[in-house]
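Inspection log for the structure reproduced underneath, given as C-alpha cells.
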Amino acid sequence: MKKSYQSLDDNYLYNMKHVINRTISSKLLSFGFMLFLTFSISLNAQDGDPVNGKNLFNANCAACHKLDKDMTGPMLRNVEMRLANEEGLDREWLNAWIRNSSALIKSGDAYANKVYNAWNKTAMTAFPQLSDQDISDILAYTAQPKPPAPEPVAGVVAQPAEQGIGQELILGALAVLFGLLAMALILVKRTLNRFAEAKGLDVSEVKRKPIWKAFVENQFLMLVTAIFFLLASGYFAYGYFMQVGIDQGYEPVQPIHYSHRIHAGVNEIDCKYCHSSARVSKHSGIPSLNVCMNCHKSIGEVSETTLAEGKEYGVDYNAEIQKLYDAVGWDGRAYTGETKPVKWIRIHNLPDFAYFNHSQHVSVAGVECQTCHGPVEEMEVLYQHAPLTMGWCINCHRETEVNVKDNEYYAKIHEELSKKYGVEKLTAAQMGGLECGKCHY
Amino acid sequence: MSSNKKYWKSVEELNENSSIVETLRQNEFVEEIPTDEFLGDKETLESSSTSRRDFLKYVGFSTAAASLAACEGPVIKSIPYVNQPTEIIPGVANYYATTVADGFDFASILVKTREGRPIKIENNTDAVTNGTANARVHASILGLYDNLRVKAPMKGGKDISWDTFMSETTSKLSGLGDKQIVFLTSTIPSPSTAKLVGEFSEKYVNVKHVTYDAISESATLDAYEAKYGTRGMANYDLSKAMTIVSVGADFIGDWQGGGFDAGYAKNRVPEQGKMSRHIQFESNMSLSGANADKRVPLKPSEQRLALAKLYSYVTGNSVGGAKLSEGLDAAVKSAAKQLKKAGSNGVVMTGIQDVNAQTVALEINEYLNSKAFDAKTTVKTRQGNDKAVMQLIADMKAGKVGALIMNGVNPMYTLPNSADFSEGLKKTELSIAFSMKQDETSVNAEYIAALPHSLESWGDFEFKASHYSMMQPTIRPLFDTKQFQDVLLAWNGNDTLYRDYIKETWEADILNGESFNKAIQDGVYVGIPSEGIMAENVTAETEEETTEAPRSNAATALASSTKVGAMELTLYTKTGMGDGQQANNPWLQEFPDPITRTSWDNYVTVSRADAEAKGLINENVANGGLNGSYANVTVNGVTVENVPVLIQPGQAKGSVGLSFGYGRTADGLKEEMKTGVNAYPLYQNFSAVQEVSIEKTSGTHEFACVQLHNTLMGRGDIIKETSLEVFNTKDKHIWNETPVVSLDHVETPVTSPDVDLWDSFDRSVGHHFNLSIDLNACTGCGACVIACHAENNVPVVGKTEMRRSRDMHWLRIDRYYSSQDSFEGDNDKKDNISGLGSSLSEFGEMESPADNPQVAFQPVMCQHCNHAPCETVCPVAATSHGRQGQNHMAYNRCVGTRYCANNCPYKVRRFNWFLYSQNDEFDYYMNDDLGRMVLNPDVTVRSRGVMEKCSMCIQMTQKTILDAKRDGRPVNKDEFKTACSAACSSGAMTFGDVNNEEDKITELVNDDRAYHLLEHVGVKPNVVYQTKVRNTSEA
C-alpha cells in the first residue's frame, strides 16, 4: 500500500513540474517578449539568443536559480560578467561547471570548491545535454539588465474616488436646494397666515380626528394589521431560526491569505493535486505544507502583475508566501527544521453525527468539486458555497443519477433495480441514498 | 426433542412465588417512577414561594437564553501536517501486525490505526500460533491511553530524566561487588531478550534471571521438563480430538496460557453427524465446564483421585489410593471407556497443579497416542519457577541480593507472602521496577523505569517451539518511556537500538535467510524446528534445585497424596480480569463474567447446599439487582475478610471458588477500579487448591449482576437444543420445529406470508446482511463483547448504573442454565411424594438439576428484524429500515421516548440515561483527552437522552461496499465483516450477504439447525441462530 502511494506522489511531482513550467513559462514568455522588443537592440552584444535562453533557463535552471535572488543556487544576473571580472574565469570554466560541476570540483578547481562549500555542499545537477549555443543563449538571457518595475496604474484607483466626490457634491447641492425650498414654503405659509389674520379670517384648522385614532377605533383594520404583523414576524422568526447553524457564505480570515483564484483559477491546478486524499478518504484533507513546497520551493515571489492584483484585495502575496516559508521552516535555501504548523480555520463543518465520504462522491460518483464547493477557482477568499443542510444533500441525491459507467460493482444491482423501478437510469435516492443509516451512524 | 426444555437464568427464577421474576416478566422497567419522592411532601409544595407560573417563566427564560447562546457557531481550527508521512492519509485506516505479550496473555494481532493512533485490536488471521486475541487482549488497547501510566522514570516518587536514571543505575550496578544481580521478570519467551540477559551476565558477575508467573504453571513445567527435557508445556490441537476429557483444566479459559478454544470449537459443530465429546470433571463452574457435554462436579481432592483412577482404567494399571464415591467412579469409568474407544482421537488435560498429576495426564496422552497431543511443539508462554522465586525471597531477606531488576511483575500484589518480599526489598541495595504503573511493587522500589505499552514497543516472541511472533510499535511512545531491553542494551554498553538488535538476532539465528521485513509485515514467522536458543539458561543454579521431579509411578503417588478437606477452595482467573494487571481497564471491569454475569467484582462462589448450611443468601431486590451475604475466607490462618458470596449453580458441594485479579490498592488505579478482594494471600505455596473455612459475617453486598436484566419476558423458544442422537436420526421438524400460529383456526407456520401483518419488501436486490450465530461453537469467551465496545464507542457506565440495569453493551452474551429434564417433570414428582422415605430420596434427587445445570451461551444483539416492532412505534421516525437489512438508528433524530425499547421483543436497545463522555460523574476513558484517543472516528459518540443499539457495524459494511465501488469490482465472497464476527476466533459468528450465493452465510441461513429467536412473534430477524446440539451419548 505504502509503495503505491509513494509512486502516486512521484506522479504528482512529475505532473506538477509540467504544470508549473507550462503555466509560468507561457506567462513569462509573453512578458519577456515585450521586454525583448524593448531592449533587443542594445543587448545583442553577445552571440546568444536571449529568447531561446529564457526558455532554456526556465526549463533547466529556474528550479534552483533566480536572476536577482539567491535560492537553492546563487542568483545568475550577469553571471558571466561577474565571473570574468571578479574571478577571472572564462566561458570554458562555465561550460565545464554547467555540464558536470562535480567533476570540476573533484579536479580540485579552487573556485569550484569554494562555491561548492559555500552552498551547503550541494552539487549542481549536471547538464551534459546543453550545447555551447544553448549555454550562450542562457548566458545572453542572464546578461539582460533588470527591467524597471512597472508603474502602478493609477487611473484605476483614482477613478472611483473622483466619482465618489462628484456624487457627494451633487447630493449636497440637492440637500441645500431642498432645504431652501422647505424654508421658502414655511415662509410663504406664514406670510399667507399673516395676510388672513390681517383680513380677519379664521384660519385655525378644523378639529379632525387624528388618523391614528380613527385607525385604532376601526376594529377590522386593527385585526387585519395584527394578523399581518403576526404573520410577518412569524415569517422572519422562522427564517431567522432556520439559518441558525447554517454557515452558508462563511468566509473567515485565514492565517495565510491563500488565493484559490490564483491556484485553481489562473494556474488551473487540479483541486485533487493538493486535496489528494479526496480520492481515497472520507476527508478531502487540508494539504500538508510539503505539498505547497512542491511548487513554492521555486516560487518565492509572484509576478508584478499578480502583485498588483493582490493590491486590489489589500494583500501582499509575497508576504503571504513568506508566511508559508516561516511555517515550513524554509530560509530560501534550505529547511531549518523549525516548523510552525498553520492553524487554518475550518470552513465546511459537518456535524459529528453526519458521515460524509469524499471518495464516494469524487472517485465513485465523479462529482465535480464545484458542485458542492461552488466556483472555487474564482474565490480570492474561500467561503462556504452550499448550505450543507440535510435538505440540500437529499435534494441532490434525488436528482443525481448513479454513475455506473465501467464500474463492475453496479453491474448487477443496477440492472435489477432499474428493472424494478422501470427506469433507464437510477438516482442515488433509488439506490438507497436516502436511508438514514447511510449517513448517520 | 428437548426444545420444550425450560431455561432459567438465575436461581431466583426457580422460585415459583418470586415477585421479582413476576415483575420482570410484566414490566420493561423494573422500578416504578418514584413520583412520590418529589411530589410526596404536600406541605412543602404548598408553602413554596415559587408558583407554577413562576416555574414556567424561569423555564421559558432559560430555554430562550440557552437557544440564543447556542446561535453563535464556534470557530473550528484544522491543523494539517507540515510534512505528511506518506503512509498516513487522514480518514484511511492502516493495519500493523504485532503482538500483545504482557506475561499473562500472548496473542498475535492486527492493530487498526487511524491518523497514527491505534484504535482497535483485531485477530491476525495469518497467525498459526495459539495466540488468538481474547477479551483481555482486545481490551488492552485501552491500557495504552491510560492517564495514570508512569510518564517518566521516577525515583522516590519524583520524576527524573533518563540520563540521571542511566548514570545512577549504571554506577550502582558496577559497584555491587559480588552480590547477586537478579532479574525478576514475567514470562518473556523472547529469543533476543534471552540473548541480552546472557550478554548482561557476561559483563556483570553473579547474575540470575528468575521468571515469575503470578499464576503459576510451575508443576506443569516441571512435569514436562522431567519427561521431555525442555522447560515448557505440551501443545494441544483440539481440532484433532474427538473425545476430550478434562480434569480441572479450564482450557477454554486461561489454562496453560490459553488459546485452545479455536481448535476446540472446530469439532463442536456437528458435521456429517459427528462432533467431539467433551467430559469435564471440575469444582468451580468454568467456561470449559459450561461447554462440556457432560460435566461432573467434584471437589478438588476428588479430582486428584479421579485422574489417578482414569489413568488406571485407561491403562489397566492399578493405582491404589482411596475409593471414589459410586457415582463418581461410574463417571470416571465411563470417561475411561470412551477414551479407550476413541484411542488416538482422545485427549486428556488436567489443571491440577501437581507434578504427578501433570505427569499422569502426559502419560495417558502418550498411552492413547493422542493426535491432539503434541509434545514436540513446546508451548513457551509460561516459564515461571516457584522454587526459584521462593529462593530469591530467602536470598533477599538474607541480604544476598545486591540489585533486583523487575520487569512486568507485581510481586507485592501477587505474592502470597508479599510481606516477606517487602522485607527482602528493604535489604536490597538497588531495586528497579520496570512498570507502566505506580503499582503495589513499583512504589516500593527505588527506581521506577517507565515502561512503554506493548503497542509502543519492539519485541520478538517464541510462543511455541519455532513459532515466532513479532512485536512492532504502532505509535510513537506517548510518554518519556524506555523498554526494558533498550535499558539492558545500554547497561551492556551496546549502543544499538533494540529493533536493530532483534534484526541481528533474527538474521543470525532464526530467519534462515528469509526477509526480516516480511516477518515484521506478517507479524508471525514459523521457523524450522530445532534446538532453540531459548534453551540457554542464564540461571546459575542447577536444575535439580529448582524443579520438582515427578515420582516414578506418578499415578500411584497422585492417588495416595489425596488429602480431603471439609471445605476446599479453588482459586481461578476470571475471563475479564485474568491475573489483575489490567485492573484499571474500565472495559474489563464492566465486562460481565460469562458464567456469573457479574461485573465490577469478585466473590466467593458456593454451592446452593453449602450456602444453605452456612446461612449464606443471595436475593434479588426490587430493581433486579442482586444482593449477597459477606463471608470471611480463611486459609491456614490467613483470612480475607468480607468477601461477597455468590451462589453458583454447578459448584461442587464442599468446594468454593474465588478469583484472582481484584482488590488492587495502588495509586495507579482510579478509585472505582479498586473493587473486589485480593485472593493472592490465599495462594499459599502457589497452590490454587486450599483447605478453607468460610464464615458468614454481617452486611449485604450489592452486586452489579446483569443476570436478570432484560429478561425475555418469560417467552420460550429462546434456546433450541437437541442431542446428537436425535439430530442425526430424526427429522428437522422434531428438533427444530417452525412455530405455528392460528389462521382461521388452522395452524399455519409463522414463516408463511399469509399470517403476516405486513407486506414484505423485495429483498433480493443488492446486499442483504445476515448474521449467523452457532450456539455449538460459541464458548462464551466474550471477545466479541469487547470488540464491539472498541468498534462502536460503547460507553462505560460504572457499577451503580450497571446494577440498575443501565448497562450499555450492544452485544450481551446471555447464559442459560437448564436442568437435565423439564421442570414440569420436577413438579409432577414433587406433587406425588408420599411418606417420609419417598420424600427423602426423591427430594434429594430433585436437588440435582440446579446443582449441576447444563449451560448454554447465547450472544444477543439487535436482531435487525425485517418487520421491526421498534420502527413502527417511534414517533419521530428515528429508527428505520434499510434495504440492506440493517435497522438504522439516527441518534440526532431520537427524542428519547423509549417506546422502541418497550416494544423490542429482544431487549437489545440501550438508553443513554446520562452523558457518558466528558462528564466527571463518569470518570472512565471517555472523560480524558488521552482516553478519548481510542474512539472510532467513524462512529458517533452518543449524547444523553438518545437510544442506541447494535448497528450491525454499518460503518464496516459501508466501507467494504465503498472499497469495492472504488475498485470497480463486485464485493468479494466473505468480505463483509462485523466487529463481533471478526473477533470470534471460534467461528461461531458468521456475517455476510445472503444475496451472494457464494457467501458462507447463505448456506448457514438455510441450514437445518437455523432458527430465529422468538420466531412465533413473526418479526423476521436478520440474525439467525444454529440449534445447539449436545453429544450426550455415553458410548
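By convention here, the chains of the C-alpha cells are called A, B, ... in the order presented, each chain's residues are numbered starting at 1, and ligands are numbered starting at 1 in the order presented.
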
Restrict the distance test to only C-alpha atoms, flag each residue of chain A within 7 Å of chain B, and return the flagged residues as a PyMOL selection string. chain A and resi 2+5-6+244-245+277+281-283+285-290+328+341-346+352-353+360+363-364+407-409+413+416-417+435-437+440-441

Based on the selection just made, write C-alpha atoms of those residues as a PDB file, in the first residue's frame.
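Final file, part.pdb:
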```
ATOM      1  CA  LYS A   2       2.726   2.319   1.040  1.00  0.00           C
ATOM      2  CA  TYR A   5       1.249   5.895  -2.646  1.00  0.00           C
ATOM      3  CA  GLN A   6       4.850   6.641  -2.979  1.00  0.00           C
ATOM      4  CA  VAL A 244     -29.118  29.115  12.853  1.00  0.00           C
ATOM      5  CA  GLY A 245     -26.206  26.747  12.427  1.00  0.00           C
ATOM      6  CA  SER A 277      -6.976  12.381  -0.095  1.00  0.00           C
ATOM      7  CA  SER A 281     -10.604   9.039   2.038  1.00  0.00           C
ATOM      8  CA  LYS A 282     -13.636  10.487   3.719  1.00  0.00           C
ATOM      9  CA  HIS A 283     -11.668  13.701   4.233  1.00  0.00           C
ATOM     10  CA  GLY A 285      -7.707  16.850   3.513  1.00  0.00           C
ATOM     11  CA  ILE A 286      -6.137  20.233   4.034  1.00  0.00           C
ATOM     12  CA  PRO A 287      -2.881  19.888   2.155  1.00  0.00           C
ATOM     13  CA  SER A 288       0.183  19.479   4.283  1.00  0.00           C
ATOM     14  CA  LEU A 289       2.793  22.188   3.805  1.00  0.00           C
ATOM     15  CA  ASN A 290       5.172  19.877   1.974  1.00  0.00           C
ATOM     16  CA  VAL A 328       7.525  25.273   6.952  1.00  0.00           C
ATOM     17  CA  PRO A 341       2.092  24.332  11.760  1.00  0.00           C
ATOM     18  CA  VAL A 342      -0.593  26.549  10.276  1.00  0.00           C
ATOM     19  CA  LYS A 343      -3.877  26.742  12.146  1.00  0.00           C
ATOM     20  CA  TRP A 344      -6.352  27.080   9.323  1.00  0.00           C
ATOM     21  CA  ILE A 345      -9.911  27.976  10.150  1.00  0.00           C
ATOM     22  CA  ARG A 346     -12.199  25.233   9.028  1.00  0.00           C
ATOM     23  CA  ASP A 352     -20.264  14.767  14.009  1.00  0.00           C
ATOM     24  CA  PHE A 353     -23.423  12.734  13.573  1.00  0.00           C
ATOM     25  CA  GLN A 360     -17.595   8.128  -2.628  1.00  0.00           C
ATOM     26  CA  SER A 363     -13.897   8.883  -7.122  1.00  0.00           C
ATOM     27  CA  VAL A 364     -17.011   6.747  -7.439  1.00  0.00           C
ATOM     28  CA  ASN A 407     -17.963   0.059 -12.554  1.00  0.00           C
ATOM     29  CA  GLU A 408     -18.424  -3.674 -12.086  1.00  0.00           C
ATOM     30  CA  TYR A 409     -19.838  -3.124  -8.635  1.00  0.00           C
ATOM     31  CA  ILE A 413     -27.652  -4.237  -8.738  1.00  0.00           C
ATOM     32  CA  GLU A 416     -32.115  -5.445 -11.259  1.00  0.00           C
ATOM     33  CA  LEU A 417     -33.122  -2.231  -9.563  1.00  0.00           C
ATOM     34  CA  GLU A 435     -31.765   5.828   4.028  1.00  0.00           C
ATOM     35  CA  CYS A 436     -30.938   7.284   7.449  1.00  0.00           C
ATOM     36  CA  GLY A 437     -28.207   4.796   8.158  1.00  0.00           C
ATOM     37  CA  HIS A 440     -25.978   8.607  10.338  1.00  0.00           C
ATOM     38  CA  TYR A 441     -24.182   6.011  12.422  1.00  0.00           C
TER      39      TYR A 441
END
```

Could you name the residues that touch Gly314 of chain A at 12 Å or less, counting only C-alpha atoms, but leaving out those on the same chain fewer than 5 positions away, as an MDAnalysis selection string? chainID A and resid 257 307:309 319:320 380:381

Excluding Tyr683 of chain B and any residue of its chain fewer than 2 positions from it, enumerate the residues within 12 Å of it, using only C-alpha atoms, and give them as a ChimeraX atom specification. /B:214-216,353,386,413-418,569-572,634-636,638-640,658-660,678-681,685-692

Those residues you just picked out, can you put them in a file as a tab-separated table (two decimals), in the first residue's frame with N, CA and C atoms?
```tsv
chain	number	residue	atom	x	y	z
B	214	ALA	N	2.60	-14.84	37.91
B	214	ALA	CA	1.72	-14.57	39.05
B	214	ALA	C	0.83	-15.76	39.32
B	215	ILE	N	0.33	-16.35	38.24
B	215	ILE	CA	-0.46	-17.56	38.40
B	215	ILE	C	0.37	-18.70	37.83
B	216	SER	N	0.79	-19.56	38.74
B	216	SER	CA	1.89	-20.47	38.43
B	216	SER	C	1.45	-21.67	37.60
B	353	GLN	N	-2.51	-28.50	39.88
B	353	GLN	CA	-1.13	-28.01	39.97
B	353	GLN	C	-0.31	-28.95	40.84
B	386	ASP	N	8.43	-21.56	40.68
B	386	ASP	CA	8.06	-21.21	42.05
B	386	ASP	C	9.24	-21.30	43.01
B	413	TYR	N	1.77	-7.42	45.09
B	413	TYR	CA	0.34	-7.70	44.98
B	413	TYR	C	0.08	-9.18	44.77
B	414	THR	N	0.91	-9.81	43.95
B	414	THR	CA	0.57	-11.18	43.55
B	414	THR	C	1.20	-12.26	44.42
B	415	LEU	N	2.17	-11.92	45.25
B	415	LEU	CA	2.78	-12.98	46.07
B	415	LEU	C	1.92	-13.24	47.31
B	416	PRO	N	1.74	-14.51	47.63
B	416	PRO	CA	1.01	-14.80	48.87
B	416	PRO	C	1.78	-14.29	50.09
B	417	ASN	N	3.11	-14.34	50.02
B	417	ASN	CA	3.92	-13.86	51.14
B	417	ASN	C	4.57	-12.53	50.79
B	418	SER	N	3.72	-11.55	50.44
B	418	SER	CA	4.28	-10.28	49.99
B	418	SER	C	5.00	-9.55	51.12
B	569	LEU	N	-11.04	-24.88	48.58
B	569	LEU	CA	-11.10	-23.66	47.77
B	569	LEU	C	-10.32	-23.88	46.48
B	570	THR	N	-10.91	-23.48	45.37
B	570	THR	CA	-10.15	-23.45	44.12
B	570	THR	C	-10.06	-22.00	43.66
B	571	LEU	N	-8.84	-21.51	43.56
B	571	LEU	CA	-8.64	-20.15	43.08
B	571	LEU	C	-8.58	-20.18	41.57
B	572	TYR	N	-9.20	-19.22	40.92
B	572	TYR	CA	-9.25	-19.24	39.45
B	572	TYR	C	-9.10	-17.83	38.91
B	634	THR	N	-10.90	-18.15	55.21
B	634	THR	CA	-9.65	-18.36	55.93
B	634	THR	C	-8.92	-19.58	55.40
B	635	VAL	N	-7.64	-19.37	55.07
B	635	VAL	CA	-6.79	-20.48	54.65
B	635	VAL	C	-5.55	-20.45	55.54
B	636	ASN	N	-5.29	-21.53	56.24
B	636	ASN	CA	-4.08	-21.63	57.07
B	636	ASN	C	-3.83	-20.40	57.93
B	638	VAL	N	-4.66	-17.40	57.35
B	638	VAL	CA	-4.76	-16.13	56.61
B	638	VAL	C	-6.22	-15.91	56.23
B	639	THR	N	-6.75	-14.77	56.66
B	639	THR	CA	-8.16	-14.53	56.42
B	639	THR	C	-8.33	-13.37	55.44
B	640	VAL	N	-9.15	-13.59	54.44
B	640	VAL	CA	-9.59	-12.48	53.60
B	640	VAL	C	-10.99	-12.15	54.06
B	658	LEU	N	-12.80	-18.73	44.23
B	658	LEU	CA	-12.55	-17.30	44.39
B	658	LEU	C	-11.57	-16.89	43.31
B	659	SER	N	-11.81	-15.73	42.70
B	659	SER	CA	-10.96	-15.38	41.56
B	659	SER	C	-9.87	-14.40	41.95
B	660	PHE	N	-8.77	-14.48	41.23
B	660	PHE	CA	-7.65	-13.54	41.36
B	660	PHE	C	-8.01	-12.24	40.67
B	678	ASN	N	-8.61	-9.10	47.30
B	678	ASN	CA	-7.40	-9.72	46.77
B	678	ASN	C	-7.30	-11.17	47.25
B	679	ALA	N	-7.28	-12.09	46.30
B	679	ALA	CA	-7.25	-13.51	46.66
B	679	ALA	C	-5.83	-14.05	46.74
B	680	TYR	N	-4.84	-13.26	46.32
B	680	TYR	CA	-3.47	-13.78	46.29
B	680	TYR	C	-2.93	-14.22	47.66
B	681	PRO	N	-3.31	-13.54	48.78
B	681	PRO	CA	-2.80	-14.03	50.06
B	681	PRO	C	-3.19	-15.47	50.36
B	685	ASN	N	1.93	-21.31	48.81
B	685	ASN	CA	2.78	-22.27	48.11
B	685	ASN	C	2.38	-22.41	46.64
B	686	PHE	N	1.86	-21.36	46.11
B	686	PHE	CA	1.44	-21.33	44.71
B	686	PHE	C	0.49	-22.47	44.38
B	687	SER	N	-0.33	-22.84	45.33
B	687	SER	CA	-1.29	-23.89	45.08
B	687	SER	C	-2.68	-23.28	44.99
B	688	ALA	N	-3.34	-23.51	43.86
B	688	ALA	CA	-4.66	-22.92	43.63
B	688	ALA	C	-5.72	-23.62	44.46
B	689	VAL	N	-5.37	-24.78	45.02
B	689	VAL	CA	-6.34	-25.52	45.82
B	689	VAL	C	-5.93	-25.46	47.29
B	690	GLN	N	-6.83	-25.05	48.12
B	690	GLN	CA	-6.51	-24.89	49.54
B	690	GLN	C	-7.66	-25.41	50.38
B	691	GLU	N	-7.31	-25.88	51.56
B	691	GLU	CA	-8.36	-26.20	52.51
B	691	GLU	C	-8.80	-24.90	53.14
B	692	VAL	N	-10.08	-24.71	53.28
B	692	VAL	CA	-10.57	-23.38	53.60
B	692	VAL	C	-11.71	-23.46	54.61
```

Residues near segment 397-411 of chain B, anyone? I mean within 7 Å using only C-alpha atoms, not counting same-chain ones fewer than 2 positions away, as a ChimeraX atom specification. /B:102-103,176,179-186,393-395,413-415,418,423-424,427-435,440-441

Could those selected residues go to a file with C-alpha atoms, as a tab-separated table (two decimals), in the first residue's frame?
```tsv
chain	number	residue	atom	x	y	z
B	102	ASP	CA	2.12	-8.95	28.96
B	103	GLY	CA	3.37	-12.08	30.67
B	176	LEU	CA	27.78	-4.05	43.84
B	179	LYS	CA	26.37	-9.59	45.40
B	180	GLN	CA	23.68	-11.06	43.23
B	181	ILE	CA	22.05	-9.07	40.46
B	182	VAL	CA	18.65	-10.63	39.91
B	183	PHE	CA	16.21	-10.11	37.07
B	184	LEU	CA	12.72	-10.90	38.25
B	185	THR	CA	10.51	-10.92	35.17
B	186	SER	CA	7.26	-12.28	33.96
B	393	ILE	CA	12.90	-14.11	48.54
B	394	ALA	CA	15.02	-16.06	51.01
B	395	ASP	CA	18.18	-14.60	49.46
B	413	TYR	CA	0.34	-7.70	44.98
B	414	THR	CA	0.57	-11.18	43.55
B	415	LEU	CA	2.78	-12.98	46.07
B	418	SER	CA	4.28	-10.28	49.99
B	423	GLU	CA	11.18	-7.13	53.96
B	424	GLY	CA	13.65	-8.50	51.45
B	427	LYS	CA	17.56	-5.20	52.32
B	428	THR	CA	18.25	-4.97	48.62
B	429	GLU	CA	20.71	-2.24	47.73
B	430	LEU	CA	19.27	-1.36	44.35
B	431	SER	CA	15.75	-2.08	43.24
B	432	ILE	CA	14.40	-1.09	39.85
B	433	ALA	CA	10.86	-1.77	38.71
B	434	PHE	CA	10.14	-1.56	35.01
B	435	SER	CA	6.48	-0.76	35.11
B	440	GLU	CA	2.00	-2.01	44.70
B	441	THR	CA	5.56	-3.06	43.89
```

List the neighbours of Asn120 of chain A out to 12 Å using only C-alpha atoms; skip same-chain residues closer than 5 positions along the sequence, and give me the result as a PyMOL selection string. chain A and resi 71-74+113-115+333-335

Write the residues of the selection above to a file with N, CA and C atoms, as a compact mmCIF listing (two decimals), in the first residue's frame.
```txt
# COMPACT_ATOMS: atom_id res chain seq x y z
N MET A 71 18.73 31.42 -4.34
CA MET A 71 17.73 30.43 -3.95
C MET A 71 18.51 29.19 -3.54
N THR A 72 18.14 28.03 -4.10
CA THR A 72 18.94 26.85 -3.82
C THR A 72 20.36 27.07 -4.34
N GLY A 73 20.42 27.75 -5.49
CA GLY A 73 21.72 28.14 -6.03
C GLY A 73 21.81 29.66 -6.08
N PRO A 74 22.99 30.18 -6.41
CA PRO A 74 23.15 31.64 -6.38
C PRO A 74 22.38 32.33 -7.51
N ASN A 113 35.42 24.54 -5.83
CA ASN A 113 35.30 24.05 -4.45
C ASN A 113 34.77 25.12 -3.51
N LYS A 114 35.15 26.36 -3.77
CA LYS A 114 34.69 27.46 -2.93
C LYS A 114 33.16 27.58 -3.02
N VAL A 115 32.69 27.56 -4.28
CA VAL A 115 31.24 27.67 -4.48
C VAL A 115 30.53 26.48 -3.84
N ARG A 333 16.96 28.75 1.08
CA ARG A 333 17.96 27.84 0.52
C ARG A 333 17.84 26.44 1.08
N ALA A 334 17.43 26.33 2.34
CA ALA A 334 17.34 25.00 2.94
C ALA A 334 16.30 25.02 4.05
N TYR A 335 15.89 23.82 4.45
CA TYR A 335 14.94 23.71 5.56
C TYR A 335 15.69 23.83 6.88
```

Shell around segment 144-156 of chain B at 7 Å using only C-alpha atoms, local window under 2 positions removed, as a list of chain:residue names: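 The filter keeps B:Ile141, B:Leu142, B:Lys158, B:Asp159, B:Ile160, B:Ser161, B:Trp162, B:Met436, B:Lys437, B:Gln438, B:Glu446, B:Tyr447, B:Ile448, B:Ala449, B:Ala450, B:His453, B:Phe479, B:Asp480, B:Thr481, B:Gly668, B:Leu669, B:Leu930, B:Gly931.
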